[in-house]
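The structure file query-v4.cif is reproduced below (mmCIF, C-alpha atoms).
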```
data_upload
#
loop_
_atom_site.label_atom_id
_atom_site.label_comp_id
_atom_site.auth_asym_id
_atom_site.auth_seq_id
_atom_site.Cartn_x
_atom_site.Cartn_y
_atom_site.Cartn_z
CA MET W 1 -7.91 3.75 3.10
CA SER W 2 -10.56 3.86 0.40
CA SER W 3 -10.30 0.99 -2.04
CA SER W 4 -9.44 1.35 -5.72
CA ALA W 5 -13.03 0.40 -6.52
CA SER W 6 -14.30 3.39 -4.57
CA TYR W 7 -11.77 5.55 -6.40
CA VAL W 8 -13.24 4.43 -9.71
CA SER W 9 -16.68 5.33 -8.34
CA ARG W 10 -15.51 8.88 -7.76
CA VAL W 11 -13.97 9.20 -11.21
CA VAL W 12 -16.93 7.63 -13.02
CA CYS W 13 -19.67 8.85 -10.72
CA TYR W 14 -22.09 5.97 -11.12
CA LEU W 15 -19.53 3.13 -11.21
CA VAL W 16 -20.91 1.31 -8.17
CA GLY W 17 -21.10 -2.40 -7.52
CA LEU W 18 -18.67 -3.15 -10.30
CA SER W 19 -18.03 -6.82 -10.87
CA LEU W 20 -15.82 -7.61 -13.85
CA VAL W 21 -15.04 -11.03 -15.14
CA ALA W 22 -11.75 -11.08 -17.04
CA VAL W 23 -10.97 -13.58 -19.78
CA VAL W 24 -10.00 -17.11 -18.75
CA LEU W 25 -7.19 -17.65 -21.23
CA THR W 26 -5.11 -15.30 -23.35
CA GLU W 27 -4.05 -16.42 -26.80
CA GLY W 28 -0.36 -17.17 -27.00
CA GLY W 29 0.20 -16.29 -23.34
CA SER W 30 -0.02 -17.85 -19.90
CA MET W 31 -3.35 -18.69 -18.30
CA CYS W 32 -5.36 -16.16 -16.41
CA GLU W 33 -5.95 -16.94 -12.75
CA PRO W 34 -8.13 -15.45 -10.00
CA ILE W 35 -6.41 -12.78 -7.93
CA ARG W 36 -5.52 -14.21 -4.53
CA LEU W 37 -3.71 -11.22 -3.00
CA PRO W 38 -5.85 -9.93 -0.11
CA MET W 39 -4.74 -6.35 -0.68
CA CYS W 40 -6.09 -6.55 -4.24
CA SER W 41 -9.50 -8.06 -3.46
CA SER W 42 -11.34 -4.77 -4.20
CA LEU W 43 -9.86 -4.14 -7.64
CA PRO W 44 -12.22 -3.42 -10.56
CA TYR W 45 -10.88 -6.60 -12.21
CA ASN W 46 -10.47 -10.08 -10.76
CA LYS W 47 -8.08 -12.02 -13.01
CA THR W 48 -4.31 -11.74 -13.31
CA ARG W 49 -1.50 -13.43 -15.19
CA MET W 50 1.97 -14.40 -13.99
CA PRO W 51 4.80 -13.52 -14.19
CA ASN W 52 3.91 -10.00 -13.11
CA LEU W 53 5.64 -6.74 -13.97
CA LEU W 54 8.20 -7.35 -11.22
CA ASP W 55 9.04 -10.85 -12.49
CA HIS W 56 7.34 -12.77 -9.69
CA SER W 57 6.51 -16.13 -11.22
CA THR W 58 3.66 -16.98 -8.83
CA GLN W 59 1.09 -15.13 -6.74
CA GLU W 60 2.63 -16.69 -3.65
CA ASN W 61 5.89 -14.87 -4.39
CA ALA W 62 4.00 -11.66 -5.20
CA LEU W 63 2.12 -11.91 -1.90
CA LEU W 64 5.33 -12.04 0.11
CA ALA W 65 6.60 -8.96 -1.70
CA ILE W 66 3.46 -6.81 -1.59
CA GLU W 67 2.89 -7.42 2.12
CA GLN W 68 5.70 -4.98 2.93
CA PHE W 69 3.39 -2.13 1.85
CA GLU W 70 0.53 -2.96 4.22
CA GLU W 71 1.55 -0.35 6.80
CA LEU W 72 1.97 2.29 4.09
CA VAL W 73 -1.52 1.48 2.75
CA GLY W 74 -2.82 1.87 6.29
CA THR W 75 -1.63 5.50 6.42
CA ASN W 76 -4.15 6.46 3.68
CA CYS W 77 -1.41 8.45 1.97
CA SER W 78 -2.92 8.07 -1.53
CA ASP W 79 -6.26 6.99 -2.94
CA VAL W 80 -4.54 5.21 -5.84
CA LEU W 81 -1.75 3.42 -3.94
CA VAL W 82 -3.57 0.09 -3.77
CA PHE W 83 -4.54 0.24 -7.45
CA PHE W 84 -0.96 1.07 -8.44
CA LEU W 85 0.60 -1.67 -6.33
CA CYS W 86 -1.88 -4.28 -7.51
CA ALA W 87 -1.43 -3.27 -11.16
CA MET W 88 2.28 -4.01 -10.66
CA TYR W 89 2.01 -7.16 -8.54
CA ALA W 90 -1.23 -8.59 -9.99
CA PRO W 91 -1.59 -7.03 -13.48
CA ILE W 92 -4.89 -7.41 -15.29
CA CYS W 93 -5.24 -10.42 -17.56
CA THR W 94 -6.80 -9.37 -20.85
CA TYR W 95 -7.68 -10.68 -24.26
CA ASN W 96 -5.04 -10.91 -26.89
CA PHE W 97 -5.50 -7.82 -29.06
CA GLY W 98 -3.50 -6.27 -31.84
CA PRO W 99 0.29 -6.11 -31.43
CA PHE W 100 -0.02 -5.90 -27.62
CA GLY W 101 -1.61 -9.30 -27.02
CA SER W 102 1.46 -10.96 -25.48
CA GLU W 103 2.36 -7.98 -23.32
CA THR W 104 1.32 -7.34 -19.73
CA ILE W 105 -0.49 -4.01 -19.41
CA PRO W 106 1.24 -1.76 -16.84
CA PRO W 107 -0.29 1.06 -14.78
CA CYS W 108 -0.11 4.49 -16.35
CA LYS W 109 2.68 6.84 -15.34
CA SER W 110 0.14 9.31 -13.95
CA VAL W 111 -1.15 6.68 -11.49
CA CYS W 112 2.38 6.01 -10.28
CA LEU W 113 3.15 9.71 -9.88
CA GLN W 114 -0.07 10.28 -7.92
CA ALA W 115 0.69 7.39 -5.57
CA LYS W 116 4.29 8.51 -5.14
CA ALA W 117 3.34 12.16 -4.51
CA GLY W 118 1.06 11.14 -1.65
CA CYS W 119 3.15 8.39 -0.06
CA GLU W 120 6.80 9.25 -0.62
CA PRO W 121 6.71 12.02 2.04
CA VAL W 122 5.38 9.48 4.54
CA MET W 123 8.20 7.07 3.69
CA ASN W 124 10.79 9.83 3.93
CA ARG W 125 9.81 10.49 7.53
CA TYR W 126 11.22 7.05 8.33
CA ASN W 127 14.23 7.46 5.99
CA ILE W 128 12.78 4.93 3.55
CA PRO W 129 13.18 5.86 -0.14
CA TRP W 130 10.58 5.18 -2.82
CA PRO W 131 11.59 1.77 -4.28
CA LYS W 132 13.60 1.92 -7.50
CA TYR W 133 11.67 -1.02 -8.90
CA LEU W 134 8.49 1.10 -8.64
CA ALA W 135 10.03 4.03 -10.52
CA CYS W 136 7.50 5.98 -12.55
CA ARG W 137 9.81 7.14 -15.34
CA ASP W 138 9.56 3.96 -17.43
CA LEU W 139 5.76 3.60 -17.28
CA PRO W 140 3.65 4.62 -20.30
CA VAL W 141 2.20 8.11 -20.55
CA TYR W 142 -1.59 8.21 -20.87
CA ASP W 143 -1.69 9.27 -24.53
CA GLN W 144 1.47 7.57 -25.79
CA GLY W 145 1.01 3.92 -24.99
CA VAL W 146 -1.19 1.15 -23.63
CA CYS W 147 -1.64 1.34 -19.86
CA ILE W 148 -4.32 0.95 -17.21
CA SER W 149 -5.75 3.48 -14.77
CA PRO W 150 -8.75 3.36 -12.43
CA ALA W 151 -10.82 5.35 -14.94
CA ALA W 152 -9.92 3.09 -17.89
CA ILE W 153 -12.39 0.34 -16.98
CA VAL W 154 -15.72 -0.12 -18.71
CA ASP W 155 -18.41 0.60 -16.17
CA THR W 156 -21.49 -1.54 -15.63
CA MET W 157 -25.05 -0.23 -15.72
CA PRO W 158 -25.41 3.01 -13.73
CA ASP W 159 -27.18 2.66 -10.40
CA GLU W 160 -30.53 4.35 -9.90
CA GLY W 161 -30.15 7.56 -7.96
CA GLU W 162 -26.41 7.86 -8.60
CA CYS W 163 -25.01 11.20 -9.78
CA MET W 164 -25.31 12.04 -13.44
CA GLU W 165 -22.43 14.46 -13.56
CA GLY W 166 -20.49 14.42 -16.80
CA ASP W 167 -23.25 13.14 -19.09
CA ASP W 168 -22.70 15.78 -21.75
CA LEU W 169 -24.64 14.53 -24.75
CA SER W 170 -23.08 16.70 -27.44
CA PRO W 171 -20.51 14.91 -29.62
CA THR W 172 -17.03 16.30 -30.15
CA GLU W 173 -15.63 17.23 -33.52
CA ASP W 174 -13.42 14.17 -33.55
CA ASN W 175 -15.60 11.46 -35.09
CA ASN W 176 -12.69 9.25 -36.05
CA SER W 177 -10.80 8.99 -32.77
CA GLN W 178 -7.51 7.15 -32.78
CA SER W 179 -7.52 3.76 -31.08
CA GLY W 180 -4.79 2.32 -28.94
CA ASP W 181 -4.49 5.36 -26.70
CA THR W 182 -5.95 6.60 -23.46
CA LEU W 183 -6.48 10.25 -22.70
CA PRO W 184 -6.83 12.14 -19.42
CA SER W 185 -10.38 12.69 -18.28
CA ASP W 186 -9.93 16.43 -17.93
CA THR W 187 -13.15 17.68 -19.48
CA GLN W 188 -15.44 19.04 -16.76
CA PRO W 189 -19.20 19.47 -17.12
CA SER W 190 -20.53 22.96 -17.43
CA SER W 191 -21.71 24.40 -14.13
CA SER W 192 -24.82 25.71 -15.87
CA TYR W 193 -25.80 22.32 -17.30
CA THR W 194 -28.29 20.10 -15.48
CA GLU W 195 -28.69 16.53 -16.67
CA PRO W 196 -32.29 15.32 -17.00
CA PRO W 197 -33.26 12.89 -14.22
CA PRO W 198 -33.10 9.15 -14.95
CA LEU W 199 -36.25 7.68 -16.49
CA TRP W 200 -35.38 3.96 -16.34
CA LEU W 201 -38.01 2.97 -18.90
CA PRO W 202 -37.56 -0.56 -20.28
CA ARG W 203 -38.10 -0.89 -24.03
CA GLU W 204 -39.13 -4.05 -25.87
CA THR W 205 -37.59 -2.67 -29.04
CA ALA W 206 -35.63 0.51 -29.65
CA ASN W 207 -34.68 0.58 -33.32
CA CYS W 208 -34.95 3.88 -35.15
CA GLY W 209 -37.28 3.99 -38.14
CA GLU W 210 -34.40 4.58 -40.53
CA CYS W 211 -30.63 4.55 -40.07
CA PRO W 212 -28.37 6.75 -42.21
CA TYR W 213 -25.75 4.02 -42.67
CA ASN W 214 -25.77 0.27 -43.16
CA TYR W 215 -22.10 -0.68 -43.17
CA ALA W 216 -20.78 -4.16 -43.86
CA VAL W 217 -17.45 -5.46 -42.56
CA ASP W 218 -15.43 -3.70 -45.22
CA ARG W 219 -11.70 -2.91 -45.31
CA ASP W 220 -12.14 0.66 -46.56
CA ILE W 221 -14.77 1.45 -43.90
CA PHE W 222 -12.60 -0.18 -41.21
CA PHE W 223 -9.59 2.03 -41.99
CA GLU W 224 -11.71 5.15 -42.46
CA LYS W 225 -13.64 4.81 -39.20
CA GLU W 226 -10.79 3.47 -37.02
CA TYR W 227 -13.16 1.76 -34.61
CA GLU W 228 -11.96 1.55 -31.01
CA TYR W 229 -13.62 -1.66 -29.89
CA ILE W 230 -14.85 -4.85 -31.55
CA ILE W 231 -16.94 -7.38 -29.66
CA ARG W 232 -19.15 -10.37 -30.16
CA ALA W 233 -22.25 -9.79 -28.06
CA ARG W 234 -25.80 -11.03 -27.59
CA VAL W 235 -28.44 -8.32 -27.25
CA ASP W 236 -30.29 -8.63 -23.97
CA SER W 237 -32.53 -5.55 -23.49
CA PHE W 238 -33.06 -1.83 -24.11
CA MET W 239 -33.48 0.93 -21.55
CA GLN W 240 -34.40 4.61 -21.95
CA TYR W 241 -32.02 6.08 -19.39
CA THR W 242 -32.87 9.78 -19.71
CA SER W 243 -34.87 11.79 -22.23
CA ARG W 244 -31.70 12.12 -24.32
CA LEU W 245 -29.76 8.97 -23.58
CA MET W 246 -30.53 5.27 -23.76
CA PHE W 247 -28.50 2.12 -23.48
CA THR W 248 -28.60 -1.38 -24.88
CA THR W 249 -27.58 -4.15 -22.51
CA VAL W 250 -25.55 -6.84 -24.22
CA ILE W 251 -23.80 -9.99 -23.04
CA VAL W 252 -20.20 -9.81 -24.26
CA GLN W 253 -19.05 -13.25 -25.38
CA GLU W 254 -15.75 -12.35 -27.01
CA VAL W 255 -13.57 -9.25 -27.23
CA ILE W 256 -11.71 -8.92 -30.52
CA LYS W 257 -10.33 -5.43 -29.87
CA PHE W 258 -10.33 -2.75 -27.19
CA SER W 259 -8.43 0.51 -26.91
CA GLY W 260 -8.58 2.75 -23.84
CA LEU W 261 -11.14 0.74 -21.84
CA ILE W 262 -10.90 -2.79 -20.50
CA ILE W 263 -14.01 -4.69 -21.65
CA PRO W 264 -15.21 -7.54 -19.44
CA GLU W 265 -17.04 -10.64 -20.50
CA GLY W 266 -20.67 -10.65 -19.44
CA GLU W 267 -23.17 -7.83 -19.12
CA VAL W 268 -22.14 -4.46 -20.57
CA GLN W 269 -24.13 -1.40 -21.68
CA LEU W 270 -23.78 0.30 -25.09
CA PHE W 271 -24.88 3.95 -24.88
CA SER W 272 -26.73 5.83 -27.62
CA ARG W 273 -27.91 9.42 -27.93
CA GLY W 274 -31.63 10.00 -28.31
CA THR W 275 -34.57 7.62 -27.97
CA CYS W 276 -33.75 4.91 -30.52
CA VAL W 277 -30.92 2.69 -31.67
CA CYS W 278 -28.93 2.79 -34.89
CA PRO W 279 -27.68 0.42 -36.25
CA HIS W 280 -30.70 -1.83 -35.72
CA LEU W 281 -30.52 -4.62 -33.14
CA THR W 282 -32.84 -7.46 -32.16
CA ALA W 283 -32.96 -8.86 -28.62
CA GLY W 284 -31.68 -12.42 -28.35
CA ARG W 285 -29.44 -12.28 -31.42
CA ASP W 286 -25.64 -12.38 -31.57
CA TYR W 287 -23.84 -9.54 -33.33
CA LEU W 288 -20.37 -8.40 -34.26
CA VAL W 289 -20.18 -4.78 -33.05
CA LEU W 290 -17.50 -2.31 -34.20
CA CYS W 291 -17.76 1.10 -32.56
CA TYR W 292 -16.20 3.75 -30.28
CA GLU W 293 -15.40 4.37 -26.62
CA ASP W 294 -16.11 7.32 -24.34
CA LEU W 295 -13.09 7.42 -22.05
CA ASN W 296 -14.36 10.34 -19.98
CA ALA W 297 -17.46 8.43 -18.86
CA GLY W 298 -16.02 4.90 -19.09
CA ARG W 299 -18.65 3.83 -21.64
CA LEU W 300 -18.92 1.88 -24.86
CA LEU W 301 -20.90 3.77 -27.48
CA LEU W 302 -23.39 2.59 -30.11
CA GLU W 303 -23.74 5.25 -32.80
CA PRO W 304 -25.20 5.45 -36.32
CA ASP W 305 -21.79 5.30 -38.04
CA CYS W 306 -20.79 2.12 -36.22
CA THR W 307 -20.79 -1.26 -37.93
CA VAL W 308 -23.11 -3.95 -36.56
CA VAL W 309 -23.60 -7.23 -38.45
CA PRO W 310 -24.91 -10.68 -37.47
CA TRP W 311 -22.18 -12.73 -35.82
CA ASN W 312 -19.93 -14.63 -38.23
CA SER W 313 -16.69 -16.16 -36.93
CA LYS W 314 -15.18 -16.14 -40.42
CA LYS W 315 -14.73 -12.36 -40.23
CA ILE W 316 -12.52 -12.42 -37.11
CA LYS W 317 -9.21 -13.40 -38.74
CA ARG W 318 -9.69 -10.65 -41.30
CA LEU W 319 -10.48 -8.03 -38.63
CA ARG W 320 -7.43 -8.95 -36.54
CA LYS W 321 -5.19 -8.61 -39.58
CA TRP W 322 -6.65 -5.20 -40.46
CA ASP W 323 -6.34 -4.03 -36.87
CA ASN W 324 -2.64 -4.96 -36.70
CA ILE W 325 -2.02 -2.88 -39.82
CA LEU W 326 -4.10 -0.01 -38.47
CA ARG W 327 -2.32 0.06 -35.10
CA ARG W 328 1.11 0.14 -36.75
CA GLU W 329 0.00 3.07 -38.89
CA GLN W 330 -1.44 4.86 -35.86
CA ARG W 331 1.79 4.40 -33.97
CA ARG W 332 3.70 5.98 -36.85
CA ARG W 333 1.28 8.90 -36.80
CA TYR W 334 1.70 9.29 -33.04
CA GLU W 335 5.46 9.49 -33.44
CA ARG W 336 5.12 12.20 -36.08
CA LYS W 337 2.55 14.20 -34.10
CA ARG W 338 3.59 13.48 -30.53
CA ARG W 339 4.19 17.11 -29.67
CA ASN W 340 1.02 18.41 -31.29
CA PRO W 341 -2.18 18.82 -29.19
CA ARG W 342 -4.82 16.15 -29.71
CA PRO W 343 -8.59 16.66 -29.70
CA ASN W 344 -10.70 14.88 -27.10
CA ARG W 345 -12.55 11.72 -27.99
CA ARG W 346 -16.22 11.81 -28.72
CA ARG W 347 -18.57 11.70 -25.76
CA VAL W 348 -22.21 11.00 -25.08
#
```
Now, as a test, write the supplied structure out as C-alpha cells.
Amino acid sequence: MSSSASYVSRVVCYLVGLSLVAVVLTEGGSMCEPIRLPMCSSLPYNKTRMPNLLDHSTQENALLAIEQFEELVGTNCSDVLVFFLCAMYAPICTYNFGPFGSETIPPCKSVCLQAKAGCEPVMNRYNIPWPKYLACRDLPVYDQGVCISPAAIVDTMPDEGECMEGDDLSPTEDNNSQSGDTLPSDTQPSSSYTEPPPLWLPRETANCGECPYNYAVDRDIFFEKEYEYIIRARVDSFMQYTSRLMFTTVIVQEVIKFSGLIIPEGEVQLFSRGTCVCPHLTAGRDYLVLCYEDLNAGRLLLEPDCTVVPWNSKKIKRLRKWDNILRREQRRRYERKRRNPRPNRRRV
C-alpha cells in the first residue's frame, strides 16, 4: 500500500522528501514524543502526544491496538487508511494555539469516509463490521472545525523537476480569509494554463523598491486582516522559483498561530508573487511574521498586506489574546453562516 507521505505527494504535487519536526512540548498539555508505531513511520509528521483519541495512555497500548489492522492495510483498500488510523492512534502533537491548544487534533471526517469507503467492503467479505470506535459521524467537517488531513500539512521546498500543476498565480477575491478552518482542495488548474518552468535562481536580496504597506503590530489591523498564521522565523535565503513566483526560506523558531496548515519548526518556504518581496526582509534577521495560507497548494504566503516586524517577545502575549477574541468571533460567524457558500482562500 502506498504510504500517507506518498498520498500527500499526489495531493501537493511537489511534496517530496518531507521531513517535519513537530514541537517538543505543548503549553499546558502533555509532552510530545517521537512516534514509535511502525505502521506510522511514514507519516508527514513525527511527534505525537498521549493519550490518543481512543484513550490509549501510552504508545505501547496503542501499538497493541493498531496491529489488528495490519492485514487490512496490506490489502491496499484505501490510500488514506494508514493516515487515518495513525491520526487516531498517534495524533499529531502541535503548538498550543488559540482556544484549541489543549485539544488533540482529530482527522477530518472526509479522511475517515474515504478510508471507510475503500476498506469496509473488504471487511464485510469476512463478516467484520467497521469498528464503532472509528465512526466518522463525530469527526469534524473540513470547513466547520479544526482537523487534519494529508493535504493540510505545510510542504517543504519543491523539488527540482517535480510537477508544477496547480500553481495558479492569480489571487482570489477573498483577501481576508477566515482562520481556524480548512477547506477542500477542489479548485483544479485550467487545462489551457501552462506554468513557466522552474528557474531556481538564488537571490542575495529580494526586497521590492517600495512596499505599499508598512504595518505595525496593531489591534485594528489584526482584526481587519484576520491573519491565518503567526510565526517567529529567521530569514535564511531567497529564491526566484519561476518568472512569476519566488520564495523566501526561513527557519521557523516558534509558531504562535496556525489555521488550516500544520507548520513545522525548522526550514519552511514563504511564497510571494512576482520577482521581489514585500514586506522587506533581511537575511540573518529574526522576524515576527503575520500572514496567510494557501490551503490548495499547502503553502505559507508572504504578501504586501502582511505584517512583518523585527522579533520582539513582548508582543506575543498581546497577539495570543487578540487571536482568542478573533477565533471566538469567527466561530460565531460560522454558526450564523454555516449554510451559506464560502469563497475559496487566496492562492499563489
Q | Neighbours of point (-14.9, 7.1, -23.6) within 8 Å, using all atoms listed in the file, written as an MDAnalysis selection string | A | chainID W and resid 260:261 292:301 345:347
Q. In terms of the shortest atom-to-atom distance over all atoms listed in the file, which of W:Cys93, W:Met88, W:Cys276, W:Leu288 is closest to W:Leu139?
A.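 Smallest distance to W:Leu139 is found for W:Met88.
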Q.
Please compute the atom CA of W:Ser42-atom CA of W:Arg137 distance, one decimal, in Å.
A.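 Interatomic distance here is 26.7 Å.
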List as JSON lines every residue of stretch 73-150 of chain W that is in contact with stretch 34-38 of chain W, defined as an atom at most 9 Å from one of its atoms (using all atoms listed in the file), together with the nearest atom pair and the distance in Å rounded to one decimal, sorted by chain and then rising number.
```
{"residue": "W:Cys86", "atom": "CA", "partner": "W:Leu37", "partner_atom": "CA", "distance": 8.5}
{"residue": "W:Tyr89", "atom": "CA", "partner": "W:Leu37", "partner_atom": "CA", "distance": 8.9}
{"residue": "W:Ala90", "atom": "CA", "partner": "W:Ile35", "partner_atom": "CA", "distance": 7.0}
```
Q.
Here is a test: counting only C-alpha atoms, which residue of W:Asp323, W:Glu67, W:Asp138, W:Asp236 is nearest to W:Gly284?
A.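 Smallest separation from W:Gly284 among the options: W:Asp236.
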Q: Could you state which residues are captured by the PyMOL selection byres ((chain W and resi 282) around 12) in this file, as an NGL selection string?
A: :W and (203-208 or 233-238 or 248-250 or 277-281 or 283-287 or 308-310)
(Q) On this structure, the PyMOL selection byres ((chain W and resi 313) around 12) would catch which residues? List them as a count of residues only, sorted by chain and number. (A) 18
Q: I need the residue set behind the PyMOL selection byres ((chain W and resi 216) around 8) for this file; please write it as a ChimeraX atom specification.
A: /W:214-215,217-218,307-309
Q. Which residue out of W:Glu335, W:Glu71, W:Ser149, W:Gln253 has the minimum interatomic distance to W:Leu113 when all atoms listed in the file are used?
A. W:Ser149
(Q) Applying 7 Å and only C-alpha atoms, which residues near W:Phe247 remain after dropping the ones on its own chain fewer than 3 positions away? List them as a VMD selection string. (A) chain W and resid 238 to 241 269 to 272
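One finds atom CA of W:Leu201 at 10.8 Å from atom CA of W:Thr275.
Taking all atoms listed in the file, the non-local environment of W:Trp130 within 12 Å (same-chain residues fewer than 4 positions away omitted) comprises Phe69, Leu72, Cys112, Leu113, Ala115, Lys116, Ala117, Gly118, Cys119, Glu120, Pro121, Val122, Met123, Asn124, Arg125, Tyr126, Leu134, Ala135 and Cys136 of chain W.
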